[in-house]
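S.K.: Right, I'll just put the structure down here and ask away after.
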Amino acid sequence: MRARDLQVATPTVKRRTSAREAGQLIAHGSGIGLVIANEAGVPEATVSATDVLRLMLPGYVLEDFSLAHVLGEADSEEVWENLEQRTIGELVDDDAVPLHDLVVVNADDTVLEIAAAMVEAKSQLALVGPLVAGEAALISLPDVMTAIVDADRRRTAPTSGDGASAS
């Protein structure tokens, strides 16, 4: 299996992208994270879905998570109303949020090569190169793990000629 077999087209976002739009892209798209592109549309970094979720929460909850237990549903309306004002740029500028350098793999790289690159960079996302403005194809850690586990399962599965019964 090669990178081209695992890649998923992923929308790119820019610094001005709102938290609402970023959240919608994750919720209705890959669910794993986003690719941040420069103004020319060329991918520059990745950010995890968890970090986008962090952007969606108000600062006072991030400072004291116990507040989430005492605030009611009516209070959370304030949170959702502010999603349009918060931007990906705030994430990029927040020292507490780890932006990940791009892990770029070639379309013909094997699962082993992809896994090694992701582990070396401690990244859960890899982009399939070459990088093109306005386009991004991602491979996620769960996709790589699935490919490895499935390959192992096929390798260790009994064959029909070894006397094992098929179920």
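Just remember, in the structure tokens the first chain shown is A, the second B, etc., residues are 1-based per chain, and ligands are 1-based in the order shown.
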Enumerate, as an MDAnalysis selection string, the complete set of residues in chain A that a backbone-based DSSP assignment places in strand (DSSP E).
M.R.: chainID A and resid 8:9 12:13 33:37 43:48 100:101 104:106 125:129 137:140
S.K.: Would you mind exporting N, CA and C atoms of the selected residues as a PDB file, in the first residue's frame?
M.R.:
```pdb
ATOM      1  N   VAL A   8      -6.352  11.473   1.780  1.00  0.00           N
ATOM      2  CA  VAL A   8      -7.706  12.012   1.777  1.00  0.00           C
ATOM      3  C   VAL A   8      -7.599  13.492   1.456  1.00  0.00           C
ATOM      4  N   ALA A   9      -8.370  13.942   0.468  1.00  0.00           N
ATOM      5  CA  ALA A   9      -8.372  15.370   0.137  1.00  0.00           C
ATOM      6  C   ALA A   9      -8.844  16.149   1.362  1.00  0.00           C
ATOM      7  N   THR A  12      -7.848  23.368   2.983  1.00  0.00           N
ATOM      8  CA  THR A  12      -6.869  24.187   3.695  1.00  0.00           C
ATOM      9  C   THR A  12      -7.582  25.394   4.286  1.00  0.00           C
ATOM     10  N   VAL A  13      -7.008  25.907   5.366  1.00  0.00           N
ATOM     11  CA  VAL A  13      -7.527  27.122   5.997  1.00  0.00           C
ATOM     12  C   VAL A  13      -6.406  28.147   6.036  1.00  0.00           C
ATOM     13  N   GLY A  33      -7.910  17.046  11.820  1.00  0.00           N
ATOM     14  CA  GLY A  33      -7.147  18.279  11.887  1.00  0.00           C
ATOM     15  C   GLY A  33      -7.281  19.057  10.602  1.00  0.00           C
ATOM     16  N   LEU A  34      -6.510  20.115  10.527  1.00  0.00           N
ATOM     17  CA  LEU A  34      -6.566  20.993   9.364  1.00  0.00           C
ATOM     18  C   LEU A  34      -5.168  21.327   8.877  1.00  0.00           C
ATOM     19  N   VAL A  35      -5.103  21.686   7.625  1.00  0.00           N
ATOM     20  CA  VAL A  35      -3.865  22.169   7.027  1.00  0.00           C
ATOM     21  C   VAL A  35      -3.973  23.682   6.958  1.00  0.00           C
ATOM     22  N   ILE A  36      -2.969  24.369   7.503  1.00  0.00           N
ATOM     23  CA  ILE A  36      -2.941  25.829   7.459  1.00  0.00           C
ATOM     24  C   ILE A  36      -2.066  26.237   6.286  1.00  0.00           C
ATOM     25  N   ALA A  37      -2.637  27.063   5.415  1.00  0.00           N
ATOM     26  CA  ALA A  37      -1.919  27.521   4.224  1.00  0.00           C
ATOM     27  C   ALA A  37      -1.584  28.999   4.353  1.00  0.00           C
ATOM     28  N   PRO A  43       0.319  24.963   1.605  1.00  0.00           N
ATOM     29  CA  PRO A  43       0.325  24.445   2.972  1.00  0.00           C
ATOM     30  C   PRO A  43       1.627  24.764   3.699  1.00  0.00           C
ATOM     31  N   GLU A  44       1.488  25.195   4.981  1.00  0.00           N
ATOM     32  CA  GLU A  44       2.657  25.532   5.803  1.00  0.00           C
ATOM     33  C   GLU A  44       2.728  24.759   7.111  1.00  0.00           C
ATOM     34  N   ALA A  45       1.578  24.372   7.656  1.00  0.00           N
ATOM     35  CA  ALA A  45       1.566  23.690   8.949  1.00  0.00           C
ATOM     36  C   ALA A  45       0.271  22.902   9.075  1.00  0.00           C
ATOM     37  N   THR A  46       0.237  22.032  10.077  1.00  0.00           N
ATOM     38  CA  THR A  46      -1.000  21.329  10.408  1.00  0.00           C
ATOM     39  C   THR A  46      -1.358  21.635  11.850  1.00  0.00           C
ATOM     40  N   VAL A  47      -2.628  21.545  12.154  1.00  0.00           N
ATOM     41  CA  VAL A  47      -3.112  21.751  13.512  1.00  0.00           C
ATOM     42  C   VAL A  47      -4.136  20.649  13.789  1.00  0.00           C
ATOM     43  N   SER A  48      -4.099  20.109  15.002  1.00  0.00           N
ATOM     44  CA  SER A  48      -4.988  18.999  15.338  1.00  0.00           C
ATOM     45  C   SER A  48      -6.407  19.490  15.607  1.00  0.00           C
ATOM     46  N   HIS A 100       2.345  21.960  14.094  1.00  0.00           N
ATOM     47  CA  HIS A 100       3.269  20.914  13.676  1.00  0.00           C
ATOM     48  C   HIS A 100       3.842  21.255  12.308  1.00  0.00           C
ATOM     49  N   ASP A 101       5.170  21.157  12.228  1.00  0.00           N
ATOM     50  CA  ASP A 101       5.798  21.323  10.925  1.00  0.00           C
ATOM     51  C   ASP A 101       5.223  20.270   9.988  1.00  0.00           C
ATOM     52  N   VAL A 104       5.908  15.751   5.052  1.00  0.00           N
ATOM     53  CA  VAL A 104       5.521  15.561   3.653  1.00  0.00           C
ATOM     54  C   VAL A 104       6.089  14.234   3.172  1.00  0.00           C
ATOM     55  N   VAL A 105       5.203  13.401   2.652  1.00  0.00           N
ATOM     56  CA  VAL A 105       5.614  12.119   2.085  1.00  0.00           C
ATOM     57  C   VAL A 105       5.284  12.132   0.596  1.00  0.00           C
ATOM     58  N   ASN A 106       5.951  11.283  -0.140  1.00  0.00           N
ATOM     59  CA  ASN A 106       5.695  11.171  -1.577  1.00  0.00           C
ATOM     60  C   ASN A 106       4.536  10.215  -1.822  1.00  0.00           C
ATOM     61  N   LEU A 125      -0.366  13.638  11.516  1.00  0.00           N
ATOM     62  CA  LEU A 125      -0.798  13.951  10.160  1.00  0.00           C
ATOM     63  C   LEU A 125       0.404  14.050   9.231  1.00  0.00           C
ATOM     64  N   ALA A 126       0.235  13.589   8.014  1.00  0.00           N
ATOM     65  CA  ALA A 126       1.264  13.755   6.982  1.00  0.00           C
ATOM     66  C   ALA A 126       0.585  14.238   5.711  1.00  0.00           C
ATOM     67  N   LEU A 127       1.241  15.136   5.032  1.00  0.00           N
ATOM     68  CA  LEU A 127       0.752  15.625   3.743  1.00  0.00           C
ATOM     69  C   LEU A 127       1.418  14.841   2.634  1.00  0.00           C
ATOM     70  N   VAL A 128       0.650  14.561   1.600  1.00  0.00           N
ATOM     71  CA  VAL A 128       1.199  13.870   0.441  1.00  0.00           C
ATOM     72  C   VAL A 128       1.638  14.931  -0.554  1.00  0.00           C
ATOM     73  N   GLY A 129       2.935  14.916  -0.889  1.00  0.00           N
ATOM     74  CA  GLY A 129       3.490  15.906  -1.800  1.00  0.00           C
ATOM     75  C   GLY A 129       3.413  15.447  -3.234  1.00  0.00           C
ATOM     76  N   ALA A 137      -3.615  16.914   0.524  1.00  0.00           N
ATOM     77  CA  ALA A 137      -4.022  15.530   0.713  1.00  0.00           C
ATOM     78  C   ALA A 137      -3.324  15.038   1.968  1.00  0.00           C
ATOM     79  N   LEU A 138      -4.118  14.635   2.953  1.00  0.00           N
ATOM     80  CA  LEU A 138      -3.591  14.214   4.246  1.00  0.00           C
ATOM     81  C   LEU A 138      -3.668  12.711   4.424  1.00  0.00           C
ATOM     82  N   ILE A 139      -2.754  12.221   5.235  1.00  0.00           N
ATOM     83  CA  ILE A 139      -2.811  10.861   5.751  1.00  0.00           C
ATOM     84  C   ILE A 139      -2.784  11.009   7.264  1.00  0.00           C
ATOM     85  N   SER A 140      -3.708  10.323   7.933  1.00  0.00           N
ATOM     86  CA  SER A 140      -3.771  10.415   9.389  1.00  0.00           C
ATOM     87  C   SER A 140      -3.116   9.198  10.039  1.00  0.00           C
TER      88      SER A 140
END
```
S.K.: Restricting the calculation to only C-alpha atoms: of A:Ile32, A:Leu99, A:Val111, A:Leu91, which residue gets closest to Gln124 (chain A)?
M.R.: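 For Gln124 (chain A), the nearest of the given residues is A:Ile32.
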S.K.: Write out as an MDAnalysis selection string which residues come within 12 Å of Met56 (chain A) when counting only C-alpha atoms, dropping same-chain ones fewer than 3 positions away.
M.R.: chainID A and resid 18:24 49:53 59:62 76 78:88 90:91
S.K.: Skip Ala147 (chain A) itself and residues of its chain fewer than 2 positions away, then list as a PyMOL selection string all residues within 12 Å of it, counting only C-alpha atoms.
M.R.: chain A and resi 1-3+5-7+110-112+114-115+139-145+149-154
